[in-house]
Every structure is written in C-alpha cells, then in structure tokens.
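What follows is the content of start.pdb, which has PDB, C-alpha atoms and all ligand atoms:
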```
ATOM      1  CA  MET K   1       3.255  20.193   8.602
ATOM      2  CA  GLY K   2       3.602  19.115   4.983
ATOM      3  CA  TYR K   3       0.807  19.239   2.414
ATOM      4  CA  ASN K   4      -0.720  15.765   2.539
ATOM      5  CA  VAL K   5      -2.565  13.860  -0.176
ATOM      6  CA  ALA K   6      -3.981  10.475   0.901
ATOM      7  CA  ILE K   7      -4.937   7.872  -1.697
ATOM      8  CA  ASP K   8      -6.583   4.723  -0.405
ATOM      9  CA  GLY K   9      -8.231   1.863  -2.215
ATOM     10  CA  PRO K  10      -8.169  -1.867  -2.906
ATOM     11  CA  ALA K  11      -5.297  -3.833  -4.472
ATOM     12  CA  GLY K  12      -4.906  -3.264  -8.193
ATOM     13  CA  ALA K  13      -6.901  -0.026  -8.433
ATOM     14  CA  GLY K  14      -3.812   1.750  -9.819
ATOM     15  CA  LYS K  15      -2.941   3.662  -6.647
ATOM     16  CA  SER K  16       0.831   3.474  -6.946
ATOM     17  CA  THR K  17       0.948   4.337 -10.669
ATOM     18  CA  VAL K  18      -1.363   7.288 -10.175
ATOM     19  CA  ALA K  19       0.149   8.460  -6.884
ATOM     20  CA  LYS K  20       3.651   8.483  -8.399
ATOM     21  CA  LEU K  21       2.465  10.602 -11.345
ATOM     22  CA  VAL K  22       0.523  13.037  -9.153
ATOM     23  CA  ALA K  23       3.588  13.392  -6.903
ATOM     24  CA  LYS K  24       5.794  14.104  -9.919
ATOM     25  CA  GLU K  25       3.389  16.663 -11.373
ATOM     26  CA  LYS K  26       3.008  18.477  -8.060
ATOM     27  CA  GLY K  27       6.569  18.121  -6.793
ATOM     28  CA  TYR K  28       5.532  16.091  -3.737
ATOM     29  CA  VAL K  29       7.214  12.978  -2.352
ATOM     30  CA  TYR K  30       5.498   9.669  -3.088
ATOM     31  CA  VAL K  31       5.189   7.316  -0.098
ATOM     32  CA  ASP K  32       4.176   3.715  -0.822
ATOM     33  CA  THR K  33       2.941   2.403   2.545
ATOM     34  CA  GLY K  34       2.148  -1.083   1.185
ATOM     35  CA  ALA K  35       5.927  -1.480   0.753
ATOM     36  CA  LEU K  36       6.361  -0.995   4.519
ATOM     37  CA  TYR K  37       3.907  -3.817   5.296
ATOM     38  CA  ARG K  38       5.612  -5.911   2.631
ATOM     39  CA  ALA K  39       9.039  -5.291   4.238
ATOM     40  CA  LEU K  40       7.751  -6.557   7.588
ATOM     41  CA  ALA K  41       6.281  -9.564   5.740
ATOM     42  CA  VAL K  42       9.757 -10.334   4.330
ATOM     43  CA  TYR K  43      11.126 -10.232   7.877
ATOM     44  CA  PHE K  44       8.459 -12.668   9.157
ATOM     45  CA  LEU K  45       8.911 -15.048   6.194
ATOM     46  CA  ASP K  46      12.715 -15.034   6.603
ATOM     47  CA  ARG K  47      12.187 -16.165  10.170
ATOM     48  CA  GLY K  48      10.031 -19.079   8.996
ATOM     49  CA  ILE K  49       6.931 -17.562  10.593
ATOM     50  CA  LYS K  50       3.572 -18.499   9.055
ATOM     51  CA  ALA K  51       0.698 -16.054   8.529
ATOM     52  CA  GLY K  52      -1.439 -17.658  11.273
ATOM     53  CA  GLU K  53       1.286 -17.453  13.948
ATOM     54  CA  THR K  54       0.119 -14.203  15.480
ATOM     55  CA  GLU K  55       2.139 -14.421  18.704
ATOM     56  CA  LYS K  56       5.377 -15.034  16.797
ATOM     57  CA  ILE K  57       4.617 -12.096  14.502
ATOM     58  CA  ILE K  58       3.979  -9.806  17.463
ATOM     59  CA  GLY K  59       7.239 -11.005  19.102
ATOM     60  CA  ALA K  60       9.215 -10.453  15.890
ATOM     61  CA  CYS K  61       7.959  -6.851  15.670
ATOM     62  CA  GLU K  62      10.039  -5.994  18.737
ATOM     63  CA  ASN K  63      13.355  -6.627  17.020
ATOM     64  CA  VAL K  64      12.789  -4.989  13.677
ATOM     65  CA  GLU K  65      13.352  -1.468  12.411
ATOM     66  CA  VAL K  66      11.814  -0.319   9.138
ATOM     67  CA  SER K  67      12.985   2.886   7.495
ATOM     68  CA  ILE K  68      12.839   4.440   4.064
ATOM     69  CA  ARG K  69      15.247   6.437   1.948
ATOM     70  CA  TYR K  70      14.998   7.940  -1.497
ATOM     71  CA  GLU K  71      17.636   6.951  -4.022
ATOM     72  CA  ASP K  72      17.396   8.609  -7.473
ATOM     73  CA  GLY K  73      13.886   9.655  -6.500
ATOM     74  CA  ALA K  74      12.752   6.076  -5.862
ATOM     75  CA  GLN K  75      11.605   4.844  -2.466
ATOM     76  CA  GLN K  76      13.874   2.201  -0.932
ATOM     77  CA  VAL K  77      12.779   0.257   2.140
ATOM     78  CA  TYR K  78      15.328  -0.828   4.731
ATOM     79  CA  LEU K  79      14.885  -3.614   7.238
ATOM     80  CA  ASN K  80      17.355  -3.356  10.135
ATOM     81  CA  GLY K  81      19.654  -1.361   7.843
ATOM     82  CA  ARG K  82      19.406  -3.712   4.823
ATOM     83  CA  ASN K  83      17.700  -2.676   1.589
ATOM     84  CA  VAL K  84      14.923  -5.222   0.909
ATOM     85  CA  THR K  85      13.176  -3.302  -1.894
ATOM     86  CA  PRO K  86      13.937  -5.877  -4.647
ATOM     87  CA  ARG K  87      12.164  -8.570  -2.628
ATOM     88  CA  LEU K  88       8.860  -6.795  -1.962
ATOM     89  CA  ARG K  89       6.752  -7.429  -5.060
ATOM     90  CA  THR K  90       6.205 -11.230  -4.996
ATOM     91  CA  GLU K  91       2.794 -12.880  -4.464
ATOM     92  CA  GLU K  92       4.156 -14.689  -1.385
ATOM     93  CA  VAL K  93       5.196 -11.419   0.237
ATOM     94  CA  GLY K  94       1.927  -9.694  -0.810
ATOM     95  CA  ASN K  95      -0.154 -12.440   0.744
ATOM     96  CA  MET K  96       1.858 -12.420   3.970
ATOM     97  CA  ALA K  97       1.555  -8.599   4.091
ATOM     98  CA  SER K  98      -2.197  -8.764   3.571
ATOM     99  CA  LYS K  99      -2.554 -11.268   6.426
ATOM    100  CA  SER K 100      -0.041  -9.855   8.916
ATOM    101  CA  SER K 101      -1.291  -6.277   8.409
ATOM    102  CA  SER K 102      -4.509  -7.208  10.211
ATOM    103  CA  ILE K 103      -2.555  -7.521  13.487
ATOM    104  CA  PRO K 104      -2.764  -4.281  15.527
ATOM    105  CA  GLU K 105       0.875  -4.532  16.715
ATOM    106  CA  VAL K 106       2.058  -4.692  13.096
ATOM    107  CA  ARG K 107       0.067  -1.565  12.227
ATOM    108  CA  ALA K 108       1.275   0.254  15.351
ATOM    109  CA  LYS K 109       4.865  -0.531  14.379
ATOM    110  CA  LEU K 110       4.487   1.499  11.155
ATOM    111  CA  LEU K 111       2.197   4.311  12.270
ATOM    112  CA  GLU K 112       4.778   6.788  13.572
ATOM    113  CA  LEU K 113       7.074   6.291  10.603
ATOM    114  CA  GLN K 114       4.214   7.181   8.226
ATOM    115  CA  ARG K 115       3.136  10.197  10.268
ATOM    116  CA  ASN K 116       6.686  11.515  10.539
ATOM    117  CA  LEU K 117       7.143  11.324   6.787
ATOM    118  CA  ALA K 118       3.962  13.366   6.251
ATOM    119  CA  ARG K 119       4.905  15.892   8.923
ATOM    120  CA  GLU K 120       8.281  16.689   7.436
ATOM    121  CA  GLN K 121       7.418  17.044   3.733
ATOM    122  CA  ASP K 122       4.660  17.365   1.121
ATOM    123  CA  VAL K 123       3.533  13.816   0.325
ATOM    124  CA  VAL K 124       1.209  11.722  -1.755
ATOM    125  CA  MET K 125       0.786   8.652   0.424
ATOM    126  CA  ASP K 126      -1.037   5.563  -0.806
ATOM    127  CA  GLY K 127      -2.378   2.664   1.223
ATOM    128  CA  ARG K 128      -5.563   1.362   2.821
ATOM    129  CA  ASP K 129      -6.074   3.510   5.917
ATOM    130  CA  ILE K 130      -4.207   6.737   5.163
ATOM    131  CA  GLY K 131      -7.272   9.004   5.026
ATOM    132  CA  THR K 132      -9.094   7.196   7.826
ATOM    133  CA  CYS K 133      -6.321   6.507  10.387
ATOM    134  CA  VAL K 134      -2.797   7.562   9.501
ATOM    135  CA  LEU K 135      -3.513  11.107   8.273
ATOM    136  CA  PRO K 136      -7.095  11.951   9.258
ATOM    137  CA  GLU K 137      -6.282  15.649   8.693
ATOM    138  CA  ALA K 138      -4.913  15.124   5.158
ATOM    139  CA  ASP K 139      -5.505  18.097   2.832
ATOM    140  CA  VAL K 140      -6.874  15.892   0.033
ATOM    141  CA  LYS K 141      -8.330  12.406   0.396
ATOM    142  CA  VAL K 142      -9.099  10.104  -2.503
ATOM    143  CA  TYR K 143     -10.659   6.646  -2.493
ATOM    144  CA  LEU K 144      -9.478   5.090  -5.747
ATOM    145  CA  THR K 145     -11.241   1.939  -6.824
ATOM    146  CA  ALA K 146     -12.153  -0.183  -9.872
ATOM    147  CA  SER K 147     -14.264  -3.302 -10.403
ATOM    148  CA  VAL K 148     -12.725  -6.707  -9.531
ATOM    149  CA  GLU K 149     -12.890  -7.636 -13.252
ATOM    150  CA  THR K 150     -10.988  -4.509 -14.312
ATOM    151  CA  ARG K 151      -8.331  -4.981 -11.648
ATOM    152  CA  ALA K 152      -7.928  -8.691 -12.474
ATOM    153  CA  LYS K 153      -7.626  -7.865 -16.198
ATOM    154  CA  ARG K 154      -4.889  -5.284 -15.485
ATOM    155  CA  ARG K 155      -2.947  -7.755 -13.340
ATOM    156  CA  PHE K 156      -3.435 -10.526 -15.925
ATOM    157  CA  ASP K 157      -2.103  -8.273 -18.729
ATOM    158  CA  GLU K 158       0.839  -7.149 -16.585
ATOM    159  CA  LEU K 159       1.879 -10.749 -15.781
ATOM    160  CA  SER K 160       1.274 -11.962 -19.361
ATOM    161  CA  GLU K 161       3.464  -9.157 -20.663
ATOM    162  CA  LYS K 162       6.260 -10.376 -18.386
ATOM    163  CA  GLY K 163       5.795 -13.873 -19.825
ATOM    164  CA  VAL K 164       4.356 -15.260 -16.565
ATOM    165  CA  SER K 165       1.635 -17.835 -17.271
ATOM    166  CA  CYS K 166      -1.424 -17.192 -15.134
ATOM    167  CA  SER K 167      -5.163 -17.771 -14.935
ATOM    168  CA  PHE K 168      -7.563 -14.834 -15.065
ATOM    169  CA  ASP K 169     -10.037 -16.629 -12.769
ATOM    170  CA  GLU K 170      -7.368 -17.308 -10.133
ATOM    171  CA  ILE K 171      -6.215 -13.698 -10.190
ATOM    172  CA  ALA K 172      -9.813 -12.469  -9.828
ATOM    173  CA  LYS K 173     -10.387 -14.870  -6.935
ATOM    174  CA  ASP K 174      -7.165 -13.722  -5.237
ATOM    175  CA  ILE K 175      -8.139 -10.055  -5.607
ATOM    176  CA  ALA K 176     -11.638 -10.674  -4.236
ATOM    177  CA  GLU K 177     -10.178 -12.549  -1.247
ATOM    178  CA  ARG K 178      -7.677  -9.793  -0.546
ATOM    179  CA  ASP K 179     -10.447  -7.157  -0.714
ATOM    180  CA  GLN K 180     -12.467  -9.195   1.732
ATOM    181  CA  ARG K 181      -9.542  -9.460   4.176
ATOM    182  CA  ASP K 182      -8.549  -5.796   3.885
ATOM    183  CA  MET K 183     -12.154  -4.565   4.265
ATOM    184  CA  THR K 184     -13.286  -6.765   7.132
ATOM    185  CA  ARG K 185     -10.284  -6.723   9.475
ATOM    186  CA  GLU K 186     -10.990  -5.156  12.845
ATOM    187  CA  THR K 187      -8.084  -2.715  12.951
ATOM    188  CA  ALA K 188      -8.016   0.036  10.333
ATOM    189  CA  PRO K 189     -10.102  -1.746   7.674
ATOM    190  CA  LEU K 190     -10.061  -0.489   4.109
ATOM    191  CA  LYS K 191     -12.969   1.900   3.686
ATOM    192  CA  GLN K 192     -13.704   5.253   2.115
ATOM    193  CA  ALA K 193     -13.196   8.136   4.541
ATOM    194  CA  GLU K 194     -16.294  10.313   4.861
ATOM    195  CA  ASP K 195     -14.486  13.276   3.363
ATOM    196  CA  ALA K 196     -12.694  11.323   0.607
ATOM    197  CA  HIS K 197     -13.387  11.883  -3.089
ATOM    198  CA  LEU K 198     -14.470   8.643  -4.778
ATOM    199  CA  VAL K 199     -12.655   7.957  -8.055
ATOM    200  CA  ASP K 200     -13.665   4.792  -9.951
ATOM    201  CA  SER K 201     -10.949   4.143 -12.526
ATOM    202  CA  SER K 202     -12.750   1.227 -14.266
ATOM    203  CA  ASP K 203     -13.488   3.294 -17.381
ATOM    204  CA  MET K 204     -10.787   5.948 -17.057
ATOM    205  CA  THR K 205      -7.301   6.196 -18.532
ATOM    206  CA  ILE K 206      -4.331   6.752 -16.228
ATOM    207  CA  ASP K 207      -4.028  10.341 -17.496
ATOM    208  CA  GLU K 208      -7.666  11.008 -16.690
ATOM    209  CA  VAL K 209      -7.272   9.690 -13.149
ATOM    210  CA  VAL K 210      -4.070  11.686 -12.599
ATOM    211  CA  SER K 211      -5.608  14.949 -13.768
ATOM    212  CA  ALA K 212      -8.755  14.342 -11.697
ATOM    213  CA  ILE K 213      -6.645  13.923  -8.552
ATOM    214  CA  ALA K 214      -4.111  16.652  -9.377
ATOM    215  CA  GLY K 215      -7.090  18.947  -9.901
ATOM    216  CA  LEU K 216      -8.107  18.448  -6.278
ATOM    217  CA  CYS K 217      -4.680  19.550  -4.989
ATOM    218  CA  ARG K 218      -3.576  23.116  -4.354
TER     219      ARG K 218
HETATM  220  O1  LIG E 301      -0.597  -1.989  -1.576
HETATM  221  P1  LIG E 301       0.108  -3.298  -1.409
HETATM  222  O2  LIG E 301      -0.504  -4.410  -2.217
HETATM  223  O3  LIG E 301       1.589  -3.196  -1.625
HETATM  224  O4  LIG E 301      -0.109  -3.706   0.142
HETATM  225  C1  LIG E 301       0.222  -4.975   0.630
HETATM  226  C2  LIG E 301      -0.679  -5.307   1.823
HETATM  227  O5  LIG E 301      -0.376  -4.423   2.901
HETATM  228  C3  LIG E 301      -2.174  -5.133   1.565
HETATM  229  O6  LIG E 301      -2.808  -6.352   1.222
HETATM  230  C4  LIG E 301      -2.739  -4.600   2.852
HETATM  231  C5  LIG E 301      -1.552  -4.047   3.583
HETATM  232  N1  LIG E 301      -1.595  -2.583   3.704
HETATM  233  C6  LIG E 301      -2.285  -2.071   4.765
HETATM  234  O7  LIG E 301      -2.883  -2.820   5.525
HETATM  235  N2  LIG E 301      -2.305  -0.726   4.986
HETATM  236  C7  LIG E 301      -1.672   0.115   4.160
HETATM  237  N3  LIG E 301      -1.698   1.424   4.398
HETATM  238  C8  LIG E 301      -0.981  -0.402   3.023
HETATM  239  C9  LIG E 301      -0.967  -1.766   2.823
END
```

As structure tokens, please, write out the structure in this file.
Amino acid sequence: MGYNVAIDGPAGAGKSTVAKLVAKEKGYVYVDTGALYRALAVYFLDRGIKAGETEKIIGACENVEVSIRYEDGAQQVYLNGRNVTPRLRTEEVGNMASKSSSIPEVRAKLLELQRNLAREQDVVMDGRDIGTCVLPEADVKVYLTASVETRAKRRFDELSEKGVSCSFDEIAKDIAERDQRDMTRETAPLKQAEDAHLVDSSDMTIDEVVSAIAGLCR
C-alpha cells in the first residue's frame, strides 16, 4: 500500500495548486481525480448527450475506458486510448462533470482506477470524496476550503489575467451552485471526513497552506 494523502474540498479552494506542491515537496505522485470526471464529461458531450439524460450517460459508461499516464511529471488523461487532457478545463466540461458525477454508475466507473493508483504508489489525491469514500484509510486527510467570495475572486483574477471578460457576480453564483450540487448529491457528497484536518485558505498564502499540509505528512 502506498502512503496516501487525501485532499477534498469545494471548487476553487486551491486543491490542485496545493496538492501539486505538497506532492513535489514530499516526492509523492499527484492524482487529480476531477480530471477523470472531466474526461468522462468530454465523452458524454462528444456523443451529444445532455446533463439530464441519465440513462444515456449510464449506457455510455459501458463503452468507455479512462486511464492516466504521467508525461514529464504531468498527469495525462486518456479516453479509449486518446489523450483528452487539453480539453478538460473548459466551463462546459466542468459543468457537465459536476452534473454527471452525481450518477452512481459514473462514480463506480472511476472508483477502482483511483484505488489502484493509491495502492501502487505514494499519492496526494485531490477531489470531493477521497477521504470519505475512495480512500477511507488514507494516512492524512485534509478538507481544504475557502469562502465563496475568496474563491470567486481567485477565479475572476485568473480569467481576467488571461484576458477573458467575466462577471464577478456570475462566477460567485456558479461556484455557489456547484457547491450546492456537490454537497447535496446522494452518492458520495462533498463533506469533511470525521478524521480530516480542516484548512480554511481564505486568509492564507499558498505557501502557508502547503507547509500546513506537508507538516501533517510523515
Ligand atoms: O475538481 P474539478 O473541478 O476538476 O472537478 C470537476 C467535477 O467533478 C466537480 O464539480 C465534481 C466532480 N468530482 C467529483 O464528484 N468527485 C471527485 N473526486 C472529483 C471531482
């Protein structure tokens, strides 16, 4: 069994940034599980399936294989043998992933892959249900959060920096809706595991968050 660090929390809390840095500092492999849900979302969208079409989504799960590889240290996600990593980070894909991930068959599709990755190597895995469902025996569990305002401000700054015009209020509304969906779904909802350390990054720098989490690891 590898040494397992689970970092869960809502969208925009800084999980991937922090998890990547903790993994680098500790020499563990970073596993971005949101990317796996996003890859399945790409598959559904490419087939013209809409978020509400649950039966079609369940049917599509039967013909798809998701796998990951590491190229130059970066996680690459493959869908039926094709690298779809460049397509994962759009709002359309994020929204489809948020909706389709509430379907139990979609979650079941990715469970073994995640567990195998953690069995074979030392990992920092980030997601929504890693400490509660995927790796309940993880060595370190962290619930990383920040206020909706802080998360919306970070996203707003990130998009503005890229020259994308956007509205702060719309981003905040989108984040609040996604929280609501992720926290209230029946299967594997986003919640803090009983034995998880709560880290609120609202008033912390990235370095402070990284050293707080690295300090919990062996
Ligand atoms: O972390 P992210 O934004 O890339 O995740 C995209 C969606 O995938 C998110 O809205 C909820 C879902 N997800 C999940 O249900 N469980 C995980 N472990 C990771 C992501």

May I ask which of the residues K:Val123, K:Met183, K:Ala196, K:Val84 is the closest one to ligand LIG 301 (chain E), counting all atoms listed in the file?
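Of all the options, K:Met183 lies closest to ligand LIG 301 (chain E).
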
Polymer residues at most 9 Å from segment 114-120 of chain K, only C-alpha atoms, same-chain spacing of 6 or more positions, as a PyMOL selection string
chain K and resi 1-4+31+33+130+134-135

Kindly assemble as CSV a list of the segment 85-134 of chain K residues that lie within 9 Å of segment 58-69 of chain K, each paired with its nearest atom pair and their distance in Å to one decimal, using only C-alpha atoms, sorted first by chain and then by ascending residue number.
```
residue,atom,partner,partner_atom,distance
K:Ile103,CA,K:Ile58,CA,8.0
K:Pro104,CA,K:Ile58,CA,8.9
K:Glu105,CA,K:Ile58,CA,6.2
K:Val106,CA,K:Cys61,CA,6.8
K:Lys109,CA,K:Cys61,CA,7.2
K:Leu110,CA,K:Val66,CA,7.8
K:Leu113,CA,K:Ser67,CA,7.5
```

Let's have the selection written as a PDB file, in the frame of the given file, with C-alpha atoms.
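Wrote it out as again_23.pdb, contents follow:
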```pdb
ATOM      1  CA  ILE K 103      -2.555  -7.521  13.487  1.00  0.00           C
ATOM      2  CA  PRO K 104      -2.764  -4.281  15.527  1.00  0.00           C
ATOM      3  CA  GLU K 105       0.875  -4.532  16.715  1.00  0.00           C
ATOM      4  CA  VAL K 106       2.058  -4.692  13.096  1.00  0.00           C
ATOM      5  CA  LYS K 109       4.865  -0.531  14.379  1.00  0.00           C
ATOM      6  CA  LEU K 110       4.487   1.499  11.155  1.00  0.00           C
ATOM      7  CA  LEU K 113       7.074   6.291  10.603  1.00  0.00           C
TER       8      LEU K 113
END
```

With the file shown as input, list the residues that the PyMOL selection byres (((not hetatm)) within 6 of (chain E and resi 301)) selects, as number ranges by chain.
K: 11, 33-35, 37-38, 94, 97-98, 101, 127-130

Residues around (-1.5, -12.3, 11.9), cut-off 9 Å, counting only C-alpha atoms - what are they as an MDAnalysis selection string?
chainID K and resid 50:58 96 99:104 106

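Going from atom CA of Asp139 of chain K to atom CA of Ala23 of chain K covers 14.1 Å.
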
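Here the question is which of K:Arg185, K:Arg218, K:Lys162, K:Lys173 gets nearest to Val22 of chain K using only C-alpha atoms, and that residue is K:Arg218.
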
Among listed residues K:Gly12, K:Val124, K:Asp179, K:Thr145, nearest Val209 of chain K (using only C-alpha atoms):
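Among the listed residues, K:Thr145 lies closest to Val209 of chain K.
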
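Here the question is which of K:Lys141, K:Lys20, K:Arg47, K:Arg107 gets nearest to His197 of chain K using only C-alpha atoms, and that residue is K:Lys141.
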
Which residues fall under the PyMOL selection byres (((chain K and resi 149-154) around 9) and not hetatm) in this file, as a PyMOL selection string?
chain K and resi 11-14+145-148+155-159+168-175+201-203

To one decimal place in Å, what is the distance between atom CA of Glu92 of chain K and atom CA of Ala19 of chain K?
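Between atom CA of Glu92 of chain K and atom CA of Ala19 of chain K the gap works out to 24.1 Å.
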
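In this comparison, which uses only C-alpha atoms, the residue of K:Ala41, K:Val29, K:Val18, K:Val140 approaching Leu88 of chain K most closely is K:Ala41.
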
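If all atoms listed in the file are the atoms counted, then among K:Ala176, K:Leu40, K:Ile206, K:Leu45 the closest residue to Lys15 of chain K is K:Ile206.
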
Calculate, to one decimal in Å, the centre and edge lengths of the box along x, y and z of the file that holds all listed atoms of segment 185-202 of chain K with 3 Å of margin on each side, and present them as JSON.
```
{"center_x": -12.2, "center_y": 3.3, "center_z": -0.7, "size_x": 14.3, "size_y": 26.0, "size_z": 33.2}
```

Pop segment 76-98 of chain K out of the structure in the block and write N, CA, C and O atoms as an mmCIF file, in the first residue's frame.
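Below is the file that was written, decode21.cif:
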```cif
data_model
loop_
_atom_site.group_PDB
_atom_site.id
_atom_site.type_symbol
_atom_site.label_atom_id
_atom_site.label_comp_id
_atom_site.auth_asym_id
_atom_site.auth_seq_id
_atom_site.Cartn_x
_atom_site.Cartn_y
_atom_site.Cartn_z
ATOM 1 N N GLN K 76 -1.695 12.942 -17.504
ATOM 2 C CA GLN K 76 -2.404 12.989 -18.784
ATOM 3 C C GLN K 76 -3.551 11.987 -18.705
ATOM 4 O O GLN K 76 -3.356 10.858 -18.244
ATOM 5 N N VAL K 77 -4.736 12.411 -19.122
ATOM 6 C CA VAL K 77 -5.892 11.512 -19.044
ATOM 7 C C VAL K 77 -6.250 11.002 -20.436
ATOM 8 O O VAL K 77 -6.376 11.796 -21.378
ATOM 9 N N TYR K 78 -6.411 9.696 -20.529
ATOM 10 C CA TYR K 78 -6.730 9.050 -21.804
ATOM 11 C C TYR K 78 -8.139 8.481 -21.776
ATOM 12 O O TYR K 78 -8.560 7.870 -20.793
ATOM 13 N N LEU K 79 -8.826 8.722 -22.889
ATOM 14 C CA LEU K 79 -10.192 8.238 -23.068
ATOM 15 C C LEU K 79 -10.142 7.248 -24.224
ATOM 16 O O LEU K 79 -9.809 7.652 -25.353
ATOM 17 N N ASN K 80 -10.401 5.982 -23.968
ATOM 18 C CA ASN K 80 -10.288 4.952 -25.007
ATOM 19 C C ASN K 80 -8.987 5.116 -25.805
ATOM 20 O O ASN K 80 -8.986 5.080 -27.036
ATOM 21 N N GLY K 81 -7.885 5.352 -25.079
ATOM 22 C CA GLY K 81 -6.572 5.402 -25.723
ATOM 23 C C GLY K 81 -6.182 6.756 -26.302
ATOM 24 O O GLY K 81 -5.086 6.906 -26.822
ATOM 25 N N ARG K 82 -7.093 7.739 -26.247
ATOM 26 C CA ARG K 82 -6.778 9.078 -26.800
ATOM 27 C C ARG K 82 -6.570 10.082 -25.681
ATOM 28 O O ARG K 82 -7.374 10.144 -24.746
ATOM 29 N N ASN K 83 -5.517 10.878 -25.778
ATOM 30 C CA ASN K 83 -5.226 11.875 -24.749
ATOM 31 C C ASN K 83 -6.201 13.057 -24.878
ATOM 32 O O ASN K 83 -6.195 13.766 -25.878
ATOM 33 N N VAL K 84 -7.038 13.253 -23.845
ATOM 34 C CA VAL K 84 -8.027 14.342 -23.898
ATOM 35 C C VAL K 84 -7.679 15.483 -22.929
ATOM 36 O O VAL K 84 -8.474 16.402 -22.740
ATOM 37 N N THR K 85 -6.491 15.417 -22.336
ATOM 38 C CA THR K 85 -6.100 16.398 -21.319
ATOM 39 C C THR K 85 -6.300 17.857 -21.748
ATOM 40 O O THR K 85 -6.813 18.652 -20.951
ATOM 41 N N PRO K 86 -5.938 18.248 -22.986
ATOM 42 C CA PRO K 86 -6.101 19.659 -23.358
ATOM 43 C C PRO K 86 -7.551 20.128 -23.365
ATOM 44 O O PRO K 86 -7.812 21.320 -23.381
ATOM 45 N N ARG K 87 -8.492 19.198 -23.356
ATOM 46 C CA ARG K 87 -9.903 19.598 -23.466
ATOM 47 C C ARG K 87 -10.631 19.666 -22.126
ATOM 48 O O ARG K 87 -11.825 19.950 -22.076
ATOM 49 N N LEU K 88 -9.922 19.393 -21.024
ATOM 50 C CA LEU K 88 -10.639 19.185 -19.751
ATOM 51 C C LEU K 88 -11.042 20.444 -19.003
ATOM 52 O O LEU K 88 -11.967 20.414 -18.200
ATOM 53 N N ARG K 89 -10.363 21.576 -19.250
ATOM 54 C CA ARG K 89 -10.524 22.704 -18.320
ATOM 55 C C ARG K 89 -11.539 23.759 -18.761
ATOM 56 O O ARG K 89 -11.466 24.888 -18.303
ATOM 57 N N THR K 90 -12.498 23.434 -19.634
ATOM 58 C CA THR K 90 -13.484 24.454 -20.031
ATOM 59 C C THR K 90 -14.668 24.452 -19.054
ATOM 60 O O THR K 90 -14.901 23.468 -18.346
ATOM 61 N N GLU K 91 -15.419 25.568 -19.042
ATOM 62 C CA GLU K 91 -16.598 25.672 -18.172
ATOM 63 C C GLU K 91 -17.631 24.623 -18.562
ATOM 64 O O GLU K 91 -18.290 24.028 -17.704
ATOM 65 N N GLU K 92 -17.787 24.404 -19.890
ATOM 66 C CA GLU K 92 -18.781 23.440 -20.375
ATOM 67 C C GLU K 92 -18.481 22.040 -19.823
ATOM 68 O O GLU K 92 -19.364 21.344 -19.305
ATOM 69 N N VAL K 93 -17.218 21.661 -19.890
ATOM 70 C CA VAL K 93 -16.819 20.340 -19.403
ATOM 71 C C VAL K 93 -16.954 20.276 -17.874
ATOM 72 O O VAL K 93 -17.448 19.286 -17.315
ATOM 73 N N GLY K 94 -16.569 21.363 -17.185
ATOM 74 C CA GLY K 94 -16.687 21.405 -15.715
ATOM 75 C C GLY K 94 -18.127 21.264 -15.261
ATOM 76 O O GLY K 94 -18.430 20.537 -14.309
ATOM 77 N N ASN K 95 -19.022 21.932 -15.976
ATOM 78 C CA ASN K 95 -20.438 21.851 -15.591
ATOM 79 C C ASN K 95 -20.998 20.458 -15.847
ATOM 80 O O ASN K 95 -21.739 19.923 -15.025
ATOM 81 N N MET K 96 -20.624 19.874 -16.989
ATOM 82 C CA MET K 96 -21.097 18.516 -17.293
ATOM 83 C C MET K 96 -20.529 17.540 -16.247
ATOM 84 O O MET K 96 -21.226 16.632 -15.789
ATOM 85 N N ALA K 97 -19.261 17.736 -15.864
ATOM 86 C CA ALA K 97 -18.638 16.838 -14.876
ATOM 87 C C ALA K 97 -19.347 16.969 -13.537
ATOM 88 O O ALA K 97 -19.618 15.970 -12.855
ATOM 89 N N SER K 98 -19.663 18.193 -13.151
ATOM 90 C CA SER K 98 -20.339 18.409 -11.873
ATOM 91 C C SER K 98 -21.698 17.705 -11.860
ATOM 92 O O SER K 98 -22.087 17.101 -10.867
#
```
